[in-house]
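Data first, discussion second: the structure below is written as structure tokens.
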Amino acid sequence: MADLRELPLVAASVPRDATFGEAVARLFDAQVPALAVLADDGRVLGIVSELDVLRAAFPGYLAELRHTAFLEDDPVALDERARAVRDRPVAELAREVEPLEGDESETHAAERFLHTGEQALPVVEGTRFLGMLSMAALCHARLDRVG
């Protein structure tokens, strides 16, 4: 059985001193649900996901609402929030996660996705970042093998 190093990993990361705006741009370009935030020595400090970005860029009360049809967009307030978060260090927003090891099995990766709720996790070899593995990449690789 293949280990995780043989799967399509995406080199999606930013350094700890990157800004939130730079991280959002990298996340968009990488087309992966989360990216790794790396220390100066290349160790994974945490991840920033699309959901983290959404929570930072928009008001927190939206998560409590079930319907927003009664709300009008407030462009001034939304712009103020975007300005306030854009230049913050991404390390402030990163969440710690336990990386997957490159020699672990696909089954272990699937279990981790199911139990953590993450859509992408960093894969490492020791402390060296190999890339991000998404749920879609894991499932695509599995289905592709059977034809």
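FYI, nothing fancy with the structure tokens labels: chains A, B, ... in order, residues from 1 per chain, ligands from 1 as they appear.
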Within 12 Å of Leu38 in chain A, counting only C-alpha atoms, which residues qualify if same-chain residues fewer than 4 places away don't, as a PDB file with all heavy atoms, in the first residue's frame?
ATOM      1  N   ALA A  11       2.380  21.981  -2.355  1.00  0.00           N
ATOM      2  CA  ALA A  11       3.350  22.788  -1.604  1.00  0.00           C
ATOM      3  C   ALA A  11       2.716  24.122  -1.239  1.00  0.00           C
ATOM      4  O   ALA A  11       3.101  25.179  -1.737  1.00  0.00           O
ATOM      5  CB  ALA A  11       4.617  22.994  -2.421  1.00  0.00           C
ATOM      6  N   ALA A  12       1.710  24.063  -0.387  1.00  0.00           N
ATOM      7  CA  ALA A  12       0.951  25.254  -0.001  1.00  0.00           C
ATOM      8  C   ALA A  12       1.338  25.667   1.411  1.00  0.00           C
ATOM      9  O   ALA A  12       0.916  25.044   2.384  1.00  0.00           O
ATOM     10  CB  ALA A  12      -0.545  24.969  -0.075  1.00  0.00           C
ATOM     11  N   SER A  13       2.167  26.713   1.493  1.00  0.00           N
ATOM     12  CA  SER A  13       2.603  27.184   2.801  1.00  0.00           C
ATOM     13  C   SER A  13       2.948  28.660   2.727  1.00  0.00           C
ATOM     14  O   SER A  13       3.131  29.212   1.642  1.00  0.00           O
ATOM     15  CB  SER A  13       3.816  26.396   3.281  1.00  0.00           C
ATOM     16  OG  SER A  13       4.933  26.665   2.455  1.00  0.00           O
ATOM     17  N   VAL A  14       3.016  29.265   3.894  1.00  0.00           N
ATOM     18  CA  VAL A  14       3.496  30.635   4.036  1.00  0.00           C
ATOM     19  C   VAL A  14       4.397  30.676   5.261  1.00  0.00           C
ATOM     20  O   VAL A  14       4.228  29.885   6.193  1.00  0.00           O
ATOM     21  CB  VAL A  14       2.358  31.669   4.192  1.00  0.00           C
ATOM     22  CG1 VAL A  14       1.565  31.820   2.920  1.00  0.00           C
ATOM     23  CG2 VAL A  14       1.460  31.341   5.360  1.00  0.00           C
ATOM     24  N   PRO A  15       5.354  31.605   5.276  1.00  0.00           N
ATOM     25  CA  PRO A  15       6.167  31.762   6.475  1.00  0.00           C
ATOM     26  C   PRO A  15       5.361  32.417   7.591  1.00  0.00           C
ATOM     27  O   PRO A  15       4.378  33.116   7.321  1.00  0.00           O
ATOM     28  CB  PRO A  15       7.310  32.676   6.010  1.00  0.00           C
ATOM     29  CG  PRO A  15       6.784  33.389   4.819  1.00  0.00           C
ATOM     30  CD  PRO A  15       5.773  32.491   4.190  1.00  0.00           C
ATOM     31  N   ARG A  16       5.775  32.206   8.820  1.00  0.00           N
ATOM     32  CA  ARG A  16       5.058  32.731   9.985  1.00  0.00           C
ATOM     33  C   ARG A  16       4.890  34.240   9.952  1.00  0.00           C
ATOM     34  O   ARG A  16       3.937  34.773  10.506  1.00  0.00           O
ATOM     35  CB  ARG A  16       5.757  32.306  11.257  1.00  0.00           C
ATOM     36  CG  ARG A  16       7.083  33.037  11.468  1.00  0.00           C
ATOM     37  CD  ARG A  16       7.825  32.704  12.725  1.00  0.00           C
ATOM     38  NE  ARG A  16       7.021  32.946  13.875  1.00  0.00           N
ATOM     39  CZ  ARG A  16       7.023  32.198  14.978  1.00  0.00           C
ATOM     40  NH1 ARG A  16       7.857  31.193  15.073  1.00  0.00           N
ATOM     41  NH2 ARG A  16       6.240  32.478  15.977  1.00  0.00           N
ATOM     42  N   ASP A  17       5.806  34.953   9.290  1.00  0.00           N
ATOM     43  CA  ASP A  17       5.720  36.408   9.274  1.00  0.00           C
ATOM     44  C   ASP A  17       4.940  36.950   8.076  1.00  0.00           C
ATOM     45  O   ASP A  17       4.851  38.163   7.881  1.00  0.00           O
ATOM     46  CB  ASP A  17       7.114  37.040   9.337  1.00  0.00           C
ATOM     47  CG  ASP A  17       8.012  36.627   8.181  1.00  0.00           C
ATOM     48  OD1 ASP A  17       7.621  35.749   7.389  1.00  0.00           O
ATOM     49  OD2 ASP A  17       9.119  37.187   8.083  1.00  0.00           O
ATOM     50  N   ALA A  18       4.348  36.064   7.283  1.00  0.00           N
ATOM     51  CA  ALA A  18       3.485  36.507   6.191  1.00  0.00           C
ATOM     52  C   ALA A  18       2.263  37.209   6.786  1.00  0.00           C
ATOM     53  O   ALA A  18       1.851  36.925   7.903  1.00  0.00           O
ATOM     54  CB  ALA A  18       3.031  35.324   5.337  1.00  0.00           C
ATOM     55  N   ALA A  23      -1.401  35.368   3.009  1.00  0.00           N
ATOM     56  CA  ALA A  23      -1.851  33.989   3.205  1.00  0.00           C
ATOM     57  C   ALA A  23      -3.130  33.712   2.416  1.00  0.00           C
ATOM     58  O   ALA A  23      -3.275  32.651   1.807  1.00  0.00           O
ATOM     59  CB  ALA A  23      -2.064  33.704   4.684  1.00  0.00           C
ATOM     60  N   GLY A  42      11.416  25.875   8.914  1.00  0.00           N
ATOM     61  CA  GLY A  42      10.612  24.996   8.071  1.00  0.00           C
ATOM     62  C   GLY A  42       9.645  24.092   8.800  1.00  0.00           C
ATOM     63  O   GLY A  42       8.889  23.358   8.170  1.00  0.00           O
ATOM     64  N   ARG A  43       9.661  24.113  10.137  1.00  0.00           N
ATOM     65  CA  ARG A  43       8.709  23.312  10.908  1.00  0.00           C
ATOM     66  C   ARG A  43       7.294  23.859  10.729  1.00  0.00           C
ATOM     67  O   ARG A  43       7.099  25.060  10.577  1.00  0.00           O
ATOM     68  CB  ARG A  43       9.028  23.350  12.408  1.00  0.00           C
ATOM     69  CG  ARG A  43      10.194  22.554  12.857  1.00  0.00           C
ATOM     70  CD  ARG A  43      10.435  22.717  14.364  1.00  0.00           C
ATOM     71  NE  ARG A  43      10.648  24.115  14.730  1.00  0.00           N
ATOM     72  CZ  ARG A  43       9.793  24.869  15.407  1.00  0.00           C
ATOM     73  NH1 ARG A  43       8.656  24.376  15.830  1.00  0.00           N
ATOM     74  NH2 ARG A  43      10.066  26.123  15.689  1.00  0.00           N
ATOM     75  N   VAL A  44       6.312  22.968  10.792  1.00  0.00           N
ATOM     76  CA  VAL A  44       4.912  23.376  10.697  1.00  0.00           C
ATOM     77  C   VAL A  44       4.472  23.916  12.059  1.00  0.00           C
ATOM     78  O   VAL A  44       4.513  23.202  13.061  1.00  0.00           O
ATOM     79  CB  VAL A  44       4.013  22.197  10.272  1.00  0.00           C
ATOM     80  CG1 VAL A  44       2.545  22.600  10.297  1.00  0.00           C
ATOM     81  CG2 VAL A  44       4.405  21.685   8.889  1.00  0.00           C
ATOM     82  N   LEU A  45       4.049  25.176  12.069  1.00  0.00           N
ATOM     83  CA  LEU A  45       3.530  25.791  13.291  1.00  0.00           C
ATOM     84  C   LEU A  45       2.028  25.587  13.420  1.00  0.00           C
ATOM     85  O   LEU A  45       1.493  25.568  14.515  1.00  0.00           O
ATOM     86  CB  LEU A  45       3.827  27.290  13.299  1.00  0.00           C
ATOM     87  CG  LEU A  45       5.288  27.685  13.317  1.00  0.00           C
ATOM     88  CD1 LEU A  45       5.419  29.195  13.182  1.00  0.00           C
ATOM     89  CD2 LEU A  45       5.941  27.196  14.601  1.00  0.00           C
ATOM     90  N   GLY A  46       1.358  25.489  12.289  1.00  0.00           N
ATOM     91  CA  GLY A  46      -0.094  25.333  12.283  1.00  0.00           C
ATOM     92  C   GLY A  46      -0.614  25.447  10.869  1.00  0.00           C
ATOM     93  O   GLY A  46       0.160  25.413   9.903  1.00  0.00           O
ATOM     94  N   ILE A  47      -1.924  25.599  10.765  1.00  0.00           N
ATOM     95  CA  ILE A  47      -2.557  25.758   9.459  1.00  0.00           C
ATOM     96  C   ILE A  47      -3.530  26.929   9.504  1.00  0.00           C
ATOM     97  O   ILE A  47      -3.972  27.342  10.574  1.00  0.00           O
ATOM     98  CB  ILE A  47      -3.303  24.488   8.988  1.00  0.00           C
ATOM     99  CG1 ILE A  47      -4.487  24.166   9.906  1.00  0.00           C
ATOM    100  CG2 ILE A  47      -2.359  23.308   8.849  1.00  0.00           C
ATOM    101  CD1 ILE A  47      -5.418  23.091   9.363  1.00  0.00           C
ATOM    102  N   VAL A  48      -3.833  27.423   8.331  1.00  0.00           N
ATOM    103  CA  VAL A  48      -4.895  28.398   8.139  1.00  0.00           C
ATOM    104  C   VAL A  48      -5.777  27.840   7.035  1.00  0.00           C
ATOM    105  O   VAL A  48      -5.297  27.543   5.938  1.00  0.00           O
ATOM    106  CB  VAL A  48      -4.348  29.785   7.755  1.00  0.00           C
ATOM    107  CG1 VAL A  48      -5.475  30.741   7.418  1.00  0.00           C
ATOM    108  CG2 VAL A  48      -3.500  30.345   8.877  1.00  0.00           C
ATOM    109  N   VAL A  90       0.005  36.218   9.937  1.00  0.00           N
ATOM    110  CA  VAL A  90      -0.823  35.020   9.805  1.00  0.00           C
ATOM    111  C   VAL A  90      -0.604  34.064  10.972  1.00  0.00           C
ATOM    112  O   VAL A  90      -1.500  33.311  11.342  1.00  0.00           O
ATOM    113  CB  VAL A  90      -0.597  34.332   8.445  1.00  0.00           C
ATOM    114  CG1 VAL A  90       0.763  33.667   8.379  1.00  0.00           C
ATOM    115  CG2 VAL A  90      -1.703  33.332   8.148  1.00  0.00           C
ATOM    116  N   ALA A  91       0.573  34.115  11.593  1.00  0.00           N
ATOM    117  CA  ALA A  91       0.851  33.234  12.735  1.00  0.00           C
ATOM    118  C   ALA A  91      -0.150  33.462  13.869  1.00  0.00           C
ATOM    119  O   ALA A  91      -0.449  32.535  14.631  1.00  0.00           O
ATOM    120  CB  ALA A  91       2.276  33.440  13.226  1.00  0.00           C
ATOM    121  N   ALA A  94      -3.126  31.244  12.904  1.00  0.00           N
ATOM    122  CA  ALA A  94      -2.877  29.822  12.633  1.00  0.00           C
ATOM    123  C   ALA A  94      -3.354  28.964  13.804  1.00  0.00           C
ATOM    124  O   ALA A  94      -3.246  29.344  14.965  1.00  0.00           O
ATOM    125  CB  ALA A  94      -1.395  29.594  12.380  1.00  0.00           C
ATOM    126  N   ARG A  95      -3.883  27.813  13.456  1.00  0.00           N
ATOM    127  CA  ARG A  95      -4.306  26.823  14.453  1.00  0.00           C
ATOM    128  C   ARG A  95      -3.327  25.665  14.460  1.00  0.00           C
ATOM    129  O   ARG A  95      -2.905  25.206  13.407  1.00  0.00           O
ATOM    130  CB  ARG A  95      -5.693  26.278  14.115  1.00  0.00           C
ATOM    131  CG  ARG A  95      -6.789  27.285  14.258  1.00  0.00           C
ATOM    132  CD  ARG A  95      -8.158  26.711  13.902  1.00  0.00           C
ATOM    133  NE  ARG A  95      -8.245  26.319  12.491  1.00  0.00           N
ATOM    134  CZ  ARG A  95      -8.235  25.076  12.042  1.00  0.00           C
ATOM    135  NH1 ARG A  95      -8.151  24.050  12.851  1.00  0.00           N
ATOM    136  NH2 ARG A  95      -8.329  24.821  10.750  1.00  0.00           N
ATOM    137  N   GLU A  96      -3.005  25.184  15.652  1.00  0.00           N
ATOM    138  CA  GLU A  96      -2.123  24.024  15.739  1.00  0.00           C
ATOM    139  C   GLU A  96      -2.895  22.773  15.334  1.00  0.00           C
ATOM    140  O   GLU A  96      -4.049  22.600  15.706  1.00  0.00           O
ATOM    141  CB  GLU A  96      -1.611  23.846  17.171  1.00  0.00           C
ATOM    142  CG  GLU A  96      -0.556  24.842  17.554  1.00  0.00           C
ATOM    143  CD  GLU A  96       0.047  24.528  18.913  1.00  0.00           C
ATOM    144  OE1 GLU A  96       0.180  23.337  19.266  1.00  0.00           O
ATOM    145  OE2 GLU A  96       0.371  25.493  19.614  1.00  0.00           O
ATOM    146  N   PRO A 122      -1.215  19.046   6.928  1.00  0.00           N
ATOM    147  CA  PRO A 122       0.180  19.033   6.492  1.00  0.00           C
ATOM    148  C   PRO A 122       0.775  17.635   6.620  1.00  0.00           C
ATOM    149  O   PRO A 122       0.448  16.885   7.544  1.00  0.00           O
ATOM    150  CB  PRO A 122       0.875  20.009   7.443  1.00  0.00           C
ATOM    151  CG  PRO A 122      -0.009  20.132   8.623  1.00  0.00           C
ATOM    152  CD  PRO A 122      -1.390  19.770   8.186  1.00  0.00           C
ATOM    153  N   VAL A 124       4.467  15.714   6.853  1.00  0.00           N
ATOM    154  CA  VAL A 124       5.861  16.004   7.187  1.00  0.00           C
ATOM    155  C   VAL A 124       6.686  14.730   7.169  1.00  0.00           C
ATOM    156  O   VAL A 124       6.144  13.622   7.232  1.00  0.00           O
ATOM    157  CB  VAL A 124       5.993  16.681   8.577  1.00  0.00           C
ATOM    158  CG1 VAL A 124       5.276  18.019   8.600  1.00  0.00           C
ATOM    159  CG2 VAL A 124       5.483  15.778   9.679  1.00  0.00           C
ATOM    160  N   THR A 127      10.675  16.835  10.801  1.00  0.00           N
ATOM    161  CA  THR A 127      10.191  18.206  10.941  1.00  0.00           C
ATOM    162  C   THR A 127      10.086  18.914   9.591  1.00  0.00           C
ATOM    163  O   THR A 127       9.678  20.072   9.524  1.00  0.00           O
ATOM    164  CB  THR A 127      11.124  19.025  11.859  1.00  0.00           C
ATOM    165  OG1 THR A 127      12.435  19.039  11.293  1.00  0.00           O
ATOM    166  CG2 THR A 127      11.161  18.446  13.260  1.00  0.00           C
ATOM    167  N   ARG A 128      10.438  18.212   8.504  1.00  0.00           N
ATOM    168  CA  ARG A 128      10.429  18.819   7.166  1.00  0.00           C
ATOM    169  C   ARG A 128       9.034  18.738   6.545  1.00  0.00           C
ATOM    170  O   ARG A 128       8.447  17.663   6.421  1.00  0.00           O
ATOM    171  CB  ARG A 128      11.449  18.121   6.265  1.00  0.00           C
ATOM    172  CG  ARG A 128      11.601  18.778   4.899  1.00  0.00           C
ATOM    173  CD  ARG A 128      12.760  18.160   4.122  1.00  0.00           C
ATOM    174  NE  ARG A 128      12.572  16.743   3.875  1.00  0.00           N
ATOM    175  CZ  ARG A 128      12.059  16.231   2.754  1.00  0.00           C
ATOM    176  NH1 ARG A 128      11.691  17.037   1.773  1.00  0.00           N
ATOM    177  NH2 ARG A 128      11.937  14.935   2.609  1.00  0.00           N
ATOM    178  N   PHE A 129       8.515  19.888   6.136  1.00  0.00           N
ATOM    179  CA  PHE A 129       7.213  19.975   5.485  1.00  0.00           C
ATOM    180  C   PHE A 129       7.295  19.418   4.073  1.00  0.00           C
ATOM    181  O   PHE A 129       8.131  19.837   3.275  1.00  0.00           O
ATOM    182  CB  PHE A 129       6.761  21.441   5.450  1.00  0.00           C
ATOM    183  CG  PHE A 129       5.491  21.696   4.710  1.00  0.00           C
ATOM    184  CD1 PHE A 129       4.290  21.187   5.158  1.00  0.00           C
ATOM    185  CD2 PHE A 129       5.487  22.471   3.568  1.00  0.00           C
ATOM    186  CE1 PHE A 129       3.105  21.437   4.485  1.00  0.00           C
ATOM    187  CE2 PHE A 129       4.319  22.736   2.876  1.00  0.00           C
ATOM    188  CZ  PHE A 129       3.113  22.216   3.340  1.00  0.00           C
ATOM    189  N   LEU A 130       6.425  18.442   3.771  1.00  0.00           N
ATOM    190  CA  LEU A 130       6.388  17.855   2.434  1.00  0.00           C
ATOM    191  C   LEU A 130       5.298  18.469   1.565  1.00  0.00           C
ATOM    192  O   LEU A 130       5.439  18.548   0.347  1.00  0.00           O
ATOM    193  CB  LEU A 130       6.173  16.347   2.524  1.00  0.00           C
ATOM    194  CG  LEU A 130       7.227  15.537   3.267  1.00  0.00           C
ATOM    195  CD1 LEU A 130       6.831  14.068   3.309  1.00  0.00           C
ATOM    196  CD2 LEU A 130       8.593  15.715   2.616  1.00  0.00           C
ATOM    197  N   GLY A 131       4.187  18.852   2.187  1.00  0.00           N
ATOM    198  CA  GLY A 131       3.077  19.423   1.436  1.00  0.00           C
ATOM    199  C   GLY A 131       1.772  19.211   2.169  1.00  0.00           C
ATOM    200  O   GLY A 131       1.713  18.549   3.205  1.00  0.00           O
TER     201      GLY A 131
END
All helix (DSSP H, G or I) residues (DSSP, backbone) inside range 13-111 of chain A, as a PyMOL selection string: chain A and resi 20-30+50-57+60-64+75-86+90-92+106-111
Please dump the current selection as a CSV table (one decimal), in the first residue's frame; keep N, CA and C atoms.
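Just written: out-v3.csv:
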chain,number,residue,atom,x,y,z
A,20,PHE,N,-1.8,38.2,6.8
A,20,PHE,CA,-3.1,37.5,6.5
A,20,PHE,C,-3.4,37.7,5.1
A,21,GLY,N,-3.2,38.9,4.5
A,21,GLY,CA,-3.5,39.1,3.1
A,21,GLY,C,-2.7,38.3,2.2
A,22,GLU,N,-1.4,38.1,2.5
A,22,GLU,CA,-0.6,37.2,1.7
A,22,GLU,C,-1.0,35.8,1.8
A,23,ALA,N,-1.4,35.4,3.0
A,23,ALA,CA,-1.9,34.0,3.2
A,23,ALA,C,-3.1,33.7,2.4
A,24,VAL,N,-4.0,34.7,2.4
A,24,VAL,CA,-5.3,34.5,1.6
A,24,VAL,C,-5.0,34.4,0.2
A,25,ALA,N,-4.1,35.2,-0.3
A,25,ALA,CA,-3.7,35.1,-1.8
A,25,ALA,C,-3.1,33.8,-2.1
A,26,ARG,N,-2.2,33.3,-1.2
A,26,ARG,CA,-1.5,32.0,-1.4
A,26,ARG,C,-2.6,30.8,-1.4
A,27,LEU,N,-3.5,30.9,-0.4
A,27,LEU,CA,-4.6,29.9,-0.3
A,27,LEU,C,-5.4,29.9,-1.6
A,28,PHE,N,-5.7,31.0,-2.1
A,28,PHE,CA,-6.5,31.1,-3.3
A,28,PHE,C,-5.7,30.5,-4.5
A,29,ASP,N,-4.4,30.9,-4.6
A,29,ASP,CA,-3.6,30.4,-5.7
A,29,ASP,C,-3.4,28.9,-5.7
A,30,ALA,N,-3.2,28.3,-4.4
A,30,ALA,CA,-2.9,26.9,-4.3
A,30,ALA,C,-4.1,26.0,-4.5
A,50,GLU,N,-9.6,27.7,4.8
A,50,GLU,CA,-10.6,28.6,4.2
A,50,GLU,C,-11.6,29.1,5.2
A,51,LEU,N,-12.0,28.2,6.1
A,51,LEU,CA,-13.0,28.6,7.1
A,51,LEU,C,-12.4,29.6,8.1
A,52,ASP,N,-11.1,29.4,8.5
A,52,ASP,CA,-10.4,30.4,9.3
A,52,ASP,C,-10.4,31.8,8.6
A,53,VAL,N,-10.1,31.8,7.3
A,53,VAL,CA,-10.1,33.0,6.6
A,53,VAL,C,-11.5,33.7,6.6
A,54,LEU,N,-12.5,32.9,6.3
A,54,LEU,CA,-13.8,33.4,6.3
A,54,LEU,C,-14.2,34.0,7.7
A,55,ARG,N,-13.9,33.3,8.8
A,55,ARG,CA,-14.1,33.8,10.1
A,55,ARG,C,-13.4,35.1,10.4
A,56,ALA,N,-12.2,35.2,9.9
A,56,ALA,CA,-11.4,36.4,10.2
A,56,ALA,C,-11.9,37.6,9.4
A,57,ALA,N,-12.3,37.4,8.1
A,57,ALA,CA,-12.7,38.5,7.2
A,57,ALA,C,-14.1,39.0,7.4
A,60,GLY,N,-18.1,37.9,13.3
A,60,GLY,CA,-18.2,36.6,14.0
A,60,GLY,C,-19.7,36.2,14.3
A,61,TYR,N,-20.6,37.2,14.4
A,61,TYR,CA,-22.0,36.9,14.7
A,61,TYR,C,-22.6,36.1,13.5
A,62,LEU,N,-22.1,36.1,12.3
A,62,LEU,CA,-22.7,35.4,11.2
A,62,LEU,C,-22.8,33.9,11.5
A,63,ALA,N,-21.8,33.4,12.2
A,63,ALA,CA,-21.8,31.9,12.6
A,63,ALA,C,-23.0,31.6,13.5
A,64,GLU,N,-23.5,32.6,14.2
A,64,GLU,CA,-24.7,32.3,15.1
A,64,GLU,C,-26.0,32.4,14.4
A,75,PRO,N,-20.9,47.8,3.6
A,75,PRO,CA,-19.6,47.9,2.9
A,75,PRO,C,-18.6,48.6,3.8
A,76,VAL,N,-18.9,49.6,4.5
A,76,VAL,CA,-18.0,50.4,5.3
A,76,VAL,C,-17.5,49.5,6.4
A,77,ALA,N,-18.3,48.8,7.1
A,77,ALA,CA,-17.9,48.0,8.2
A,77,ALA,C,-17.1,46.8,7.7
A,78,LEU,N,-17.5,46.2,6.6
A,78,LEU,CA,-16.8,45.1,6.0
A,78,LEU,C,-15.4,45.5,5.6
A,79,ASP,N,-15.3,46.7,5.0
A,79,ASP,CA,-14.0,47.2,4.5
A,79,ASP,C,-13.1,47.5,5.8
A,80,GLU,N,-13.7,48.0,6.8
A,80,GLU,CA,-12.9,48.3,8.0
A,80,GLU,C,-12.4,47.0,8.6
A,81,ARG,N,-13.2,45.9,8.6
A,81,ARG,CA,-12.8,44.6,9.1
A,81,ARG,C,-11.6,44.1,8.3
A,82,ALA,N,-11.8,44.2,7.0
A,82,ALA,CA,-10.8,43.7,6.0
A,82,ALA,C,-9.4,44.4,6.3
A,83,ARG,N,-9.5,45.7,6.4
A,83,ARG,CA,-8.3,46.5,6.6
A,83,ARG,C,-7.7,46.1,8.0
A,84,ALA,N,-8.5,45.9,9.0
A,84,ALA,CA,-7.9,45.5,10.3
A,84,ALA,C,-7.2,44.2,10.3
A,85,VAL,N,-7.7,43.2,9.5
A,85,VAL,CA,-7.1,41.9,9.5
A,85,VAL,C,-6.0,41.7,8.4
A,86,ARG,N,-6.1,42.5,7.4
A,86,ARG,CA,-5.2,42.3,6.2
A,86,ARG,C,-3.7,42.2,6.5
A,90,VAL,N,0.0,36.2,9.9
A,90,VAL,CA,-0.8,35.0,9.8
A,90,VAL,C,-0.6,34.1,11.0
A,91,ALA,N,0.6,34.1,11.6
A,91,ALA,CA,0.9,33.2,12.7
A,91,ALA,C,-0.2,33.5,13.9
A,92,GLU,N,-0.7,34.7,14.0
A,92,GLU,CA,-1.7,35.0,15.0
A,92,GLU,C,-3.0,34.2,14.8
A,106,GLU,N,-2.8,5.6,4.0
A,106,GLU,CA,-4.0,6.3,3.6
A,106,GLU,C,-5.1,6.1,4.5
A,107,THR,N,-5.2,4.9,5.1
A,107,THR,CA,-6.3,4.6,6.1
A,107,THR,C,-6.1,5.5,7.3
A,108,HIS,N,-4.9,5.7,7.8
A,108,HIS,CA,-4.7,6.6,8.9
A,108,HIS,C,-5.0,8.0,8.5
A,109,ALA,N,-4.7,8.5,7.4
A,109,ALA,CA,-5.0,9.8,6.9
A,109,ALA,C,-6.5,10.0,6.9
A,110,ALA,N,-7.2,9.0,6.3
A,110,ALA,CA,-8.7,9.1,6.3
A,110,ALA,C,-9.3,9.2,7.7
A,111,GLU,N,-8.8,8.4,8.6
A,111,GLU,CA,-9.3,8.4,10.0
A,111,GLU,C,-9.0,9.8,10.6
Residue nearest Glu118 in chain A - candidates A:Leu65, A:Asp3, A:Glu104, A:Met135, atoms counted: only C-alpha atoms: A:Met135
Record the distance separating CA of Glu6 in chain A and CA of Ala136 in chain A, expressed in Å with one decimal. 14.9 Å
